[in-house]
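A.B. asks: Contents of coords37.tsv (TSV, C-alpha atoms and all ligand atoms) are below:
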```tsv
chain	number	residue	atom	x	y	z
K	218	MET	CA	-13.60	20.89	-18.38
K	219	SER	CA	-10.91	21.32	-21.03
K	220	ALA	CA	-8.47	18.91	-22.63
K	221	GLU	CA	-5.76	20.69	-20.68
K	222	GLN	CA	-7.56	19.93	-17.41
K	223	TYR	CA	-7.96	16.27	-18.38
K	224	ARG	CA	-4.22	16.17	-19.05
K	225	SER	CA	-3.62	17.11	-15.39
K	226	PHE	CA	-5.67	14.18	-14.02
K	227	PHE	CA	-2.53	12.33	-12.93
K	228	ASP	CA	-0.41	15.36	-12.08
K	229	LEU	CA	1.03	15.14	-8.56
K	230	HIS	CA	3.41	18.11	-8.59
K	231	GLY	CA	3.27	19.92	-5.24
K	232	LYS	CA	2.03	16.80	-3.43
K	233	VAL	CA	3.86	14.79	-0.75
K	234	ALA	CA	3.29	11.03	-0.63
K	235	LEU	CA	4.17	8.93	2.42
K	236	ILE	CA	4.48	5.23	1.58
K	237	THR	CA	5.15	2.44	4.06
K	238	GLY	CA	7.41	-0.48	3.15
K	239	ALA	CA	8.65	1.12	-0.07
K	240	GLY	CA	12.14	-0.37	0.08
K	241	ARG	CA	11.18	-3.07	-2.41
K	242	GLY	CA	8.31	-4.79	-4.19
K	243	ILE	CA	4.97	-3.09	-4.74
K	244	GLY	CA	5.81	-0.21	-2.39
K	245	TYR	CA	8.94	0.66	-4.34
K	246	ALA	CA	7.00	0.67	-7.62
K	247	ILE	CA	4.37	2.95	-6.05
K	248	ALA	CA	7.11	5.35	-4.93
K	249	GLU	CA	8.57	5.32	-8.43
K	250	GLY	CA	5.15	5.79	-10.05
K	251	LEU	CA	3.94	8.62	-7.80
K	252	GLY	CA	7.39	10.24	-8.00
K	253	ALA	CA	7.33	10.03	-11.80
K	254	TRP	CA	4.11	12.10	-11.78
K	255	GLY	CA	5.78	14.77	-9.65
K	256	ALA	CA	5.05	13.83	-6.03
K	257	LYS	CA	7.74	14.27	-3.39
K	258	ILE	CA	8.22	10.87	-1.82
K	259	ALA	CA	8.78	10.03	1.85
K	260	PHE	CA	8.85	6.39	2.77
K	261	ALA	CA	9.13	4.34	5.94
K	262	GLU	CA	11.08	1.11	5.60
K	263	LEU	CA	12.06	-1.48	8.19
K	264	ASN	CA	15.28	-2.67	6.57
K	265	PRO	CA	18.11	-0.06	6.66
K	266	GLU	CA	19.98	-1.42	3.61
K	267	THR	CA	16.81	-1.67	1.52
K	268	CYS	CA	15.82	1.81	2.65
K	269	ALA	CA	19.13	3.37	1.60
K	270	SER	CA	19.27	1.53	-1.71
K	271	ALA	CA	15.67	2.42	-2.62
K	272	GLU	CA	16.28	6.08	-1.81
K	273	ALA	CA	19.43	6.11	-3.96
K	274	ARG	CA	17.67	4.40	-6.91
K	275	LEU	CA	14.70	6.78	-6.78
K	276	LYS	CA	17.00	9.80	-6.61
K	277	ALA	CA	19.00	8.46	-9.56
K	278	GLU	CA	15.75	8.60	-11.56
K	279	GLY	CA	15.24	12.24	-10.66
K	280	ILE	CA	12.63	11.58	-7.97
K	281	ASP	CA	12.67	13.66	-4.79
K	282	ALA	CA	12.72	10.79	-2.30
K	283	THR	CA	13.58	10.48	1.39
K	284	GLY	CA	13.63	7.13	3.16
K	285	TYR	CA	13.11	6.78	6.90
K	286	VAL	CA	14.25	3.61	8.66
K	287	CYS	CA	11.25	2.80	10.80
K	288	ASP	CA	9.38	-0.21	12.11
K	289	ILE	CA	5.83	1.04	11.80
K	290	THR	CA	4.59	-1.48	14.38
K	291	LYS	CA	6.51	0.42	17.08
K	292	ARG	CA	3.86	2.69	18.49
K	293	ASP	CA	6.24	5.28	19.95
K	294	GLY	CA	7.98	5.65	16.55
K	295	LEU	CA	4.98	7.01	14.66
K	296	LYS	CA	4.91	10.56	16.06
K	297	PRO	CA	8.67	11.08	15.47
K	298	LEU	CA	8.26	9.69	11.93
K	299	LEU	CA	5.40	12.06	11.11
K	300	ASP	CA	7.12	15.02	12.80
K	301	GLN	CA	10.23	14.38	10.68
K	302	VAL	CA	8.32	13.92	7.41
K	303	TRP	CA	6.21	17.05	8.02
K	304	ALA	CA	9.33	19.11	8.84
K	305	GLU	CA	11.78	17.70	6.27
K	306	VAL	CA	9.61	16.78	3.26
K	307	GLY	CA	6.41	18.69	3.95
K	308	PRO	CA	2.85	18.04	5.07
K	309	VAL	CA	1.70	14.71	3.67
K	310	ASP	CA	-1.10	14.75	1.06
K	311	ILE	CA	-1.15	11.07	0.10
K	312	LEU	CA	-0.69	8.16	2.51
K	313	VAL	CA	-0.09	4.74	0.95
K	314	ASN	CA	-0.37	1.93	3.49
K	315	ASN	CA	1.68	-0.73	1.74
K	316	ALA	CA	3.86	-2.51	4.34
K	317	GLY	CA	2.50	-5.96	5.07
K	318	VAL	CA	3.47	-9.57	5.61
K	319	SER	CA	1.93	-12.82	4.43
K	320	ASP	CA	2.55	-16.50	5.02
K	321	ARG	CA	1.11	-19.83	4.03
K	322	ILE	CA	0.32	-22.06	7.03
K	323	ALA	CA	-2.57	-24.45	7.55
K	324	ALA	CA	-5.21	-22.75	9.69
K	325	GLU	CA	-5.24	-25.53	12.30
K	326	ASP	CA	-1.45	-25.18	12.84
K	327	TYR	CA	-1.29	-21.38	12.87
K	328	PRO	CA	0.97	-20.25	15.77
K	329	ASP	CA	-0.13	-17.46	18.14
K	330	ASP	CA	3.02	-15.38	17.70
K	331	ALA	CA	2.74	-15.40	13.88
K	332	PHE	CA	-0.92	-14.38	14.17
K	333	ASP	CA	-0.09	-11.53	16.57
K	334	LYS	CA	2.74	-10.23	14.36
K	335	MET	CA	0.61	-10.28	11.23
K	336	VAL	CA	-2.35	-8.53	12.85
K	337	ASP	CA	-0.03	-5.96	14.44
K	338	LEU	CA	1.50	-4.96	11.08
K	339	ASN	CA	-1.21	-5.55	8.46
K	340	LEU	CA	-4.01	-4.13	10.59
K	341	GLY	CA	-2.71	-2.47	13.79
K	342	ALA	CA	0.09	-0.35	12.32
K	343	LEU	CA	-2.05	0.59	9.31
K	344	PHE	CA	-4.85	1.67	11.66
K	345	ARG	CA	-2.61	3.69	14.00
K	346	LEU	CA	-0.64	5.45	11.26
K	347	THR	CA	-3.75	6.38	9.29
K	348	ARG	CA	-5.50	7.64	12.42
K	349	ASP	CA	-2.50	9.84	13.29
K	350	VAL	CA	-2.15	11.21	9.76
K	351	ALA	CA	-5.89	11.87	9.46
K	352	LYS	CA	-5.85	13.74	12.79
K	353	ARG	CA	-3.17	16.06	11.40
K	354	TRP	CA	-5.11	16.47	8.14
K	355	ILE	CA	-8.29	17.42	9.97
K	356	ASP	CA	-6.43	19.85	12.26
K	357	GLU	CA	-4.54	21.42	9.32
K	358	GLY	CA	-7.42	21.37	6.82
K	359	ILE	CA	-5.60	19.06	4.38
K	360	LYS	CA	-7.89	17.13	2.02
K	361	GLY	CA	-5.68	14.06	1.96
K	362	ARG	CA	-5.89	10.74	0.18
K	363	VAL	CA	-5.42	7.36	1.85
K	364	ILE	CA	-4.67	4.38	-0.39
K	365	ASN	CA	-4.55	1.02	1.35
K	366	LEU	CA	-3.07	-2.22	0.08
K	367	ALA	CA	-5.81	-4.77	0.53
K	368	SER	CA	-5.76	-8.02	-1.47
K	369	PHE	CA	-7.96	-10.40	-3.43
K	370	ALA	CA	-7.68	-12.41	-0.19
K	371	GLY	CA	-9.61	-9.64	1.55
K	372	VAL	CA	-12.73	-10.38	-0.48
K	373	VAL	CA	-12.56	-14.08	-1.43
K	374	ALA	CA	-11.13	-17.12	0.36
K	375	ASP	CA	-7.41	-17.88	0.05
K	376	PRO	CA	-6.77	-21.24	1.76
K	377	MET	CA	-3.57	-21.46	3.87
K	378	SER	CA	-3.76	-17.72	4.53
K	379	ALA	CA	-6.62	-17.38	7.02
K	380	PRO	CA	-5.09	-14.70	9.30
K	381	TYR	CA	-3.69	-12.79	6.30
K	382	ALA	CA	-7.09	-12.88	4.62
K	383	ALA	CA	-8.70	-11.67	7.84
K	384	THR	CA	-6.35	-8.68	8.08
K	385	LYS	CA	-7.01	-7.76	4.44
K	386	GLY	CA	-10.76	-8.11	4.94
K	387	ALA	CA	-10.37	-5.73	7.87
K	388	VAL	CA	-8.47	-3.29	5.63
K	389	VAL	CA	-11.39	-3.39	3.19
K	390	GLN	CA	-13.80	-2.43	5.98
K	391	LEU	CA	-11.50	0.25	7.38
K	392	THR	CA	-11.32	1.71	3.87
K	393	ARG	CA	-15.10	1.94	3.55
K	394	THR	CA	-15.69	3.15	7.10
K	395	TRP	CA	-12.98	5.82	7.06
K	396	ALA	CA	-14.20	6.97	3.63
K	397	VAL	CA	-17.66	7.64	5.00
K	398	GLU	CA	-16.48	9.05	8.35
K	399	TRP	CA	-13.90	11.43	6.90
K	400	ALA	CA	-15.82	12.49	3.76
K	401	GLN	CA	-16.95	15.61	5.67
K	402	HIS	CA	-13.26	16.64	5.86
K	403	GLY	CA	-12.64	16.08	2.15
K	404	ILE	CA	-10.41	13.07	2.86
K	405	LEU	CA	-10.72	10.29	0.27
K	406	VAL	CA	-9.99	6.71	1.29
K	407	ASN	CA	-9.60	3.89	-1.22
K	408	ALA	CA	-7.77	0.60	-1.53
K	409	ILE	CA	-6.33	-1.57	-4.23
K	410	GLY	CA	-6.82	-5.32	-4.14
K	411	PRO	CA	-3.89	-6.95	-5.89
K	412	GLY	CA	-4.02	-10.51	-7.16
K	413	TYR	CA	-0.77	-12.44	-7.09
K	414	VAL	CA	2.06	-10.09	-7.92
K	415	ARG	CA	5.61	-11.30	-8.35
K	416	THR	CA	7.69	-9.86	-5.48
K	417	GLU	CA	10.06	-11.31	-2.91
K	418	MET	CA	6.92	-11.94	-0.81
K	419	THR	CA	5.39	-14.27	-3.40
K	420	ALA	CA	8.25	-15.61	-5.55
K	421	HIS	CA	8.42	-18.86	-3.55
K	422	THR	CA	4.67	-19.49	-3.92
K	423	LEU	CA	4.56	-18.53	-7.59
K	424	ASP	CA	7.51	-20.79	-8.38
K	425	SER	CA	6.16	-23.86	-6.56
K	426	PRO	CA	4.77	-26.32	-9.15
K	427	GLU	CA	1.28	-26.79	-7.65
K	428	ALA	CA	0.61	-23.27	-6.41
K	429	GLY	CA	1.93	-21.68	-9.58
K	430	VAL	CA	-0.50	-23.70	-11.71
K	431	VAL	CA	-3.46	-22.99	-9.39
K	432	ILE	CA	-2.72	-19.27	-9.46
K	433	ARG	CA	-2.52	-19.19	-13.25
K	434	GLN	CA	-5.80	-21.13	-13.53
K	435	LYS	CA	-7.61	-18.81	-11.10
K	436	THR	CA	-6.47	-15.61	-12.80
K	437	ALA	CA	-8.46	-14.68	-15.90
K	438	LEU	CA	-5.40	-13.12	-17.49
K	439	GLY	CA	-3.48	-16.34	-16.81
K	440	ARG	CA	-0.46	-14.77	-15.16
K	441	ALA	CA	0.75	-13.03	-12.04
K	442	GLY	CA	0.79	-9.24	-12.02
K	443	ASN	CA	3.76	-6.91	-12.15
K	444	VAL	CA	4.48	-4.31	-9.51
K	445	SER	CA	4.14	-1.52	-12.08
K	446	GLU	CA	0.54	-2.62	-12.70
K	447	MET	CA	-0.23	-1.97	-9.01
K	448	ALA	CA	1.44	1.43	-9.20
K	449	GLY	CA	-0.78	2.37	-12.14
K	450	ALA	CA	-3.91	1.95	-10.03
K	451	VAL	CA	-2.40	3.94	-7.15
K	452	ILE	CA	-1.40	6.79	-9.48
K	453	TYR	CA	-5.06	7.03	-10.54
K	454	LEU	CA	-6.38	7.01	-6.96
K	455	ALA	CA	-3.83	9.62	-5.85
K	456	GLY	CA	-4.52	12.11	-8.62
K	457	PRO	CA	-7.05	14.84	-9.42
K	458	GLY	CA	-8.94	12.47	-11.75
K	459	ALA	CA	-10.13	10.38	-8.78
K	460	SER	CA	-11.78	13.26	-6.91
K	461	TYR	CA	-15.20	11.52	-6.82
K	462	THR	CA	-13.88	8.07	-5.87
K	463	THR	CA	-13.95	7.12	-2.21
K	464	GLY	CA	-14.62	3.96	-0.23
K	465	HIS	CA	-13.72	1.91	-3.29
K	466	ILE	CA	-11.70	-1.30	-3.45
K	467	LEU	CA	-10.08	-1.32	-6.88
K	468	MET	CA	-9.31	-4.95	-7.67
K	469	VAL	CA	-6.07	-5.16	-9.65
K	470	ASP	CA	-6.08	-8.93	-9.77
K	471	GLY	CA	-6.02	-10.01	-13.40
K	472	GLY	CA	-9.68	-10.99	-13.06
K	473	TRP	CA	-9.25	-13.37	-10.09
K	474	THR	CA	-12.34	-12.08	-8.26
K	475	ALA	CA	-14.36	-11.83	-11.48
K	476	MET	CA	-14.26	-15.61	-11.98
K	501	LIG	N1	2.78	-9.54	-3.74
K	501	LIG	C1	1.50	-9.92	-3.83
K	501	LIG	O1	1.13	-10.86	-4.56
K	501	LIG	C2	0.44	-9.19	-3.04
K	501	LIG	C3	-0.91	-9.53	-3.27
K	501	LIG	C4	-1.90	-8.86	-2.56
K	501	LIG	C5	-1.56	-7.87	-1.65
K	501	LIG	N2	-0.23	-7.58	-1.45
K	501	LIG	C6	0.07	-6.56	-0.44
K	501	LIG	O2	0.92	-5.57	-1.01
K	501	LIG	C7	1.79	-5.06	0.01
K	501	LIG	C8	3.24	-5.14	-0.46
K	501	LIG	O3	3.55	-6.49	-0.78
K	501	LIG	P1	4.94	-6.92	-1.44
K	501	LIG	O4	4.69	-8.19	-2.16
K	501	LIG	O5	5.56	-5.78	-2.15
K	501	LIG	O6	5.79	-7.24	-0.10
K	501	LIG	P2	7.37	-7.32	0.15
K	501	LIG	O7	7.56	-8.28	1.27
K	501	LIG	O8	8.11	-7.58	-1.13
K	501	LIG	O9	7.72	-5.84	0.62
K	501	LIG	C9	7.25	-5.35	1.84
K	501	LIG	C10	8.14	-4.23	2.31
K	501	LIG	O10	7.62	-3.77	3.57
K	501	LIG	C11	8.70	-3.65	4.48
K	501	LIG	N3	8.22	-3.83	5.86
K	501	LIG	C12	7.84	-5.01	6.43
K	501	LIG	N4	7.51	-4.82	7.71
K	501	LIG	C13	7.66	-3.49	7.96
K	501	LIG	C14	7.50	-2.68	9.12
K	501	LIG	N5	7.13	-3.23	10.29
K	501	LIG	N6	7.76	-1.36	9.05
K	501	LIG	C15	8.17	-0.81	7.85
K	501	LIG	N7	8.35	-1.54	6.73
K	501	LIG	C16	8.11	-2.86	6.78
K	501	LIG	C17	9.67	-4.74	4.07
K	501	LIG	O11	10.98	-4.52	4.58
K	501	LIG	C18	9.58	-4.67	2.54
K	501	LIG	O12	10.47	-3.71	2.02
K	501	LIG	C19	1.49	-5.88	1.27
K	501	LIG	O13	0.57	-5.18	2.09
K	501	LIG	C20	0.86	-7.13	0.72
K	501	LIG	O14	0.01	-7.77	1.65
K	501	LIG	C21	0.76	-8.21	-2.12
```
Once more with this new file: its structure as structure tokens, please.

C.D. replies:
Amino acid sequence: MSAEQYRSFFDLHGKVALITGAGRGIGYAIAEGLGAWGAKIAFAELNPETCASAEARLKAEGIDATGYVCDITKRDGLKPLLDQVWAEVGPVDILVNNAGVSDRIAAEDYPDDAFDKMVDLNLGALFRLTRDVAKRWIDEGIKGRVINLASFAGVVADPMSAPYAATKGAVVQLTRTWAVEWAQHGILVNAIGPGYVRTEMTAHTLDSPEAGVVIRQKTALGRAGNVSEMAGAVIYLAGPGASYTTGHILMVDGGWTAM
């Protein structure tokens, strides 16, 4: 190994990354981060305005980015999405399963429809999309990378978020199981476990007087994370330097789960 080879540990030139929910928040930062290291970016985003604006902002930074308006919970939309990405951007090398929802509702009051919607996106869509991408990778001999967005709530309790925590715990177990099952195909599967990160998803919680204080007390670093700090971990997991890392949940939580 030479210094020159170490310098290429984050190089993503020639790679295609497909990111779900990259119109804003953590997903957008991941698109920007992977794009900055040379990856061509394709992203699936529910909201048409957010999709167009994210694509324009990424392109303005010199990133080769294509946004696809797509609700990834719609089962019959996944094949057309992947067909389009494969044909227009290229065969995907890196799949980042980022799209997700959260809410804060007491467990005893949790409505059925909210539960169904959360499970369908955070777990169901992630499962179906990854299965369909992995099938193509195995058929085409692509040694792809899957990077899932889990959460601190997938490994420790997060009161008022029971169904969310359950979906993220499931993502942790999918990550480990897929990693072992697909290792024979050279596919690496990892996840990051963010702590509280300031995005539109969490601004309300972080700004509430009680929750904000609790979060700061429970985070060793004493603050919420930034979206760029999540992208940093994903850049590592996507690149050549992570070639011996699989089945790992990289906690990017300011020390929340260390306490
Ligand atoms: N923000 C945090 O503190 C935090 C902490 C732990 C884990 N996470 C996880 O990180 C991921 C991103 O979180 P965020 O805070 O950036 O969220 P966000 O709500 O700010 O952004 C989510 C994006 O996903 C898109 N999206 C939602 N449903 C979709 C669908 N059906 N199809 C396609 N796109 C869809 C939204 O339009 C939005 O652009 C989520 O999986 C979340 O659970 C976030």

A.B. asks: Residues within 7 Å of ligand LIG 501 (chain K), counting all atoms listed in the file: report them as a PDB file with C-alpha atoms, in the frame of the given file.

C.D. replies:
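Generated output (selection.pdb):
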```
ATOM      1  CA  THR K 237       5.150   2.440   4.060  1.00  0.00           C
ATOM      2  CA  GLY K 238       7.410  -0.480   3.150  1.00  0.00           C
ATOM      3  CA  ALA K 239       8.650   1.120  -0.070  1.00  0.00           C
ATOM      4  CA  GLY K 240      12.140  -0.370   0.080  1.00  0.00           C
ATOM      5  CA  ARG K 241      11.180  -3.070  -2.410  1.00  0.00           C
ATOM      6  CA  GLY K 242       8.310  -4.790  -4.190  1.00  0.00           C
ATOM      7  CA  ILE K 243       4.970  -3.090  -4.740  1.00  0.00           C
ATOM      8  CA  GLY K 244       5.810  -0.210  -2.390  1.00  0.00           C
ATOM      9  CA  ALA K 261       9.130   4.340   5.940  1.00  0.00           C
ATOM     10  CA  GLU K 262      11.080   1.110   5.600  1.00  0.00           C
ATOM     11  CA  LEU K 263      12.060  -1.480   8.190  1.00  0.00           C
ATOM     12  CA  ASN K 264      15.280  -2.670   6.570  1.00  0.00           C
ATOM     13  CA  THR K 267      16.810  -1.670   1.520  1.00  0.00           C
ATOM     14  CA  CYS K 287      11.250   2.800  10.800  1.00  0.00           C
ATOM     15  CA  ASP K 288       9.380  -0.210  12.110  1.00  0.00           C
ATOM     16  CA  ILE K 289       5.830   1.040  11.800  1.00  0.00           C
ATOM     17  CA  THR K 290       4.590  -1.480  14.380  1.00  0.00           C
ATOM     18  CA  ASN K 315       1.680  -0.730   1.740  1.00  0.00           C
ATOM     19  CA  ALA K 316       3.860  -2.510   4.340  1.00  0.00           C
ATOM     20  CA  GLY K 317       2.500  -5.960   5.070  1.00  0.00           C
ATOM     21  CA  VAL K 318       3.470  -9.570   5.610  1.00  0.00           C
ATOM     22  CA  SER K 319       1.930 -12.820   4.430  1.00  0.00           C
ATOM     23  CA  LEU K 338       1.500  -4.960  11.080  1.00  0.00           C
ATOM     24  CA  ASN K 339      -1.210  -5.550   8.460  1.00  0.00           C
ATOM     25  CA  LEU K 366      -3.070  -2.220   0.080  1.00  0.00           C
ATOM     26  CA  ALA K 367      -5.810  -4.770   0.530  1.00  0.00           C
ATOM     27  CA  SER K 368      -5.760  -8.020  -1.470  1.00  0.00           C
ATOM     28  CA  PHE K 369      -7.960 -10.400  -3.430  1.00  0.00           C
ATOM     29  CA  GLY K 410      -6.820  -5.320  -4.140  1.00  0.00           C
ATOM     30  CA  PRO K 411      -3.890  -6.950  -5.890  1.00  0.00           C
ATOM     31  CA  GLY K 412      -4.020 -10.510  -7.160  1.00  0.00           C
ATOM     32  CA  TYR K 413      -0.770 -12.440  -7.090  1.00  0.00           C
ATOM     33  CA  VAL K 414       2.060 -10.090  -7.920  1.00  0.00           C
ATOM     34  CA  ARG K 415       5.610 -11.300  -8.350  1.00  0.00           C
ATOM     35  CA  THR K 416       7.690  -9.860  -5.480  1.00  0.00           C
ATOM     36  CA  GLU K 417      10.060 -11.310  -2.910  1.00  0.00           C
ATOM     37  CA  MET K 418       6.920 -11.940  -0.810  1.00  0.00           C
ATOM     38  CA  THR K 419       5.390 -14.270  -3.400  1.00  0.00           C
TER      39      THR K 419
END
```

A.B. asks: For Ala450 in chain K, which residue out of K:Met218, K:Ala277, K:Leu438, K:Ile247 is the nearest one, using all atoms listed in the file?

C.D. replies: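 Nearest candidate to Ala450 in chain K out of K:Met218, K:Ala277, K:Leu438, K:Ile247: K:Ile247.
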
A.B. asks: Select, from K:Ala382, K:Asp293, K:Val397, K:Ile409, the residue with the minimum atom-to-atom distance to Gly449 in chain K, counting all atoms listed in the file.

C.D. replies: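 Smallest distance to Gly449 in chain K is found for K:Ile409.
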
A.B. asks: Find the residue from K:Leu299, K:Val451, K:Met476, K:Ala383 that sits nearest to Gly371 in chain K; use only C-alpha atoms when measuring.

C.D. replies: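 When distances to Gly371 in chain K are compared using only C-alpha atoms, the smallest one comes from K:Ala383.
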
A.B. asks: Extract, using all atoms listed in the file, all DNA, RNA and protein residues at most 6 Å from range 461-469 of chain K, discarding same-chain residues fewer than 4 positions from it, and format them as JSON, numbers by chain.

C.D. replies: {"K": [392, 393, 396, 405, 406, 407, 408, 409, 410, 411]}

A.B. asks: For each of K:Pro426, K:Gly279, K:Gly361, K:Gly294, take the minimum atom-to-atom distance to Pro308 in chain K, counting only C-alpha atoms, then give the residue where this is smallest.

C.D. replies: K:Gly361

A.B. asks: Between CA of Gln401 in chain K and CA of Trp354 in chain K, what is the spacing in Å?

C.D. replies: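 Atom-to-atom, CA of Trp354 in chain K to CA of Gln401 in chain K, that is 12.1 Å.
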
A.B. asks: Counting only C-alpha atoms, what is within 12 Å of range 323-332 of chain K, bar same-chain residues fewer than 2 positions away, as a PyMOL selection string?

C.D. replies: chain K and resi 318-321+334-340+375-384

A.B. asks: Include C-alpha atoms and write out the residues we just selected as a PDB file, keeping the file's coordinate frame.

C.D. replies:
```
ATOM      1  CA  VAL K 318       3.470  -9.570   5.610  1.00  0.00           C
ATOM      2  CA  SER K 319       1.930 -12.820   4.430  1.00  0.00           C
ATOM      3  CA  ASP K 320       2.550 -16.500   5.020  1.00  0.00           C
ATOM      4  CA  ARG K 321       1.110 -19.830   4.030  1.00  0.00           C
ATOM      5  CA  LYS K 334       2.740 -10.230  14.360  1.00  0.00           C
ATOM      6  CA  MET K 335       0.610 -10.280  11.230  1.00  0.00           C
ATOM      7  CA  VAL K 336      -2.350  -8.530  12.850  1.00  0.00           C
ATOM      8  CA  ASP K 337      -0.030  -5.960  14.440  1.00  0.00           C
ATOM      9  CA  LEU K 338       1.500  -4.960  11.080  1.00  0.00           C
ATOM     10  CA  ASN K 339      -1.210  -5.550   8.460  1.00  0.00           C
ATOM     11  CA  LEU K 340      -4.010  -4.130  10.590  1.00  0.00           C
ATOM     12  CA  ASP K 375      -7.410 -17.880   0.050  1.00  0.00           C
ATOM     13  CA  PRO K 376      -6.770 -21.240   1.760  1.00  0.00           C
ATOM     14  CA  MET K 377      -3.570 -21.460   3.870  1.00  0.00           C
ATOM     15  CA  SER K 378      -3.760 -17.720   4.530  1.00  0.00           C
ATOM     16  CA  ALA K 379      -6.620 -17.380   7.020  1.00  0.00           C
ATOM     17  CA  PRO K 380      -5.090 -14.700   9.300  1.00  0.00           C
ATOM     18  CA  TYR K 381      -3.690 -12.790   6.300  1.00  0.00           C
ATOM     19  CA  ALA K 382      -7.090 -12.880   4.620  1.00  0.00           C
ATOM     20  CA  ALA K 383      -8.700 -11.670   7.840  1.00  0.00           C
ATOM     21  CA  THR K 384      -6.350  -8.680   8.080  1.00  0.00           C
TER      22      THR K 384
END
```

A.B. asks: Can you work out the spacing between CA of Leu454 in chain K and CA of Phe226 in chain K in Å, to one decimal?

C.D. replies: 10.1 Å

A.B. asks: What is the distance between CA of Gly255 in chain K and CA of Asp228 in chain K, in Å to one decimal?

C.D. replies: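 If I compute the distance from CA of Gly255 in chain K to CA of Asp228 in chain K, I get 6.7 Å.
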
A.B. asks: Enclose all atoms of range 440-452 of chain K listed in the file in an axis-aligned box, grow every side by 8 Å, and hand back centre and edge lengths in Å to one decimal, as JSON.

C.D. replies:
```
{"center_x": 0.3, "center_y": -4.0, "center_z": -11.2, "size_x": 24.4, "size_y": 37.6, "size_z": 24.0}
```
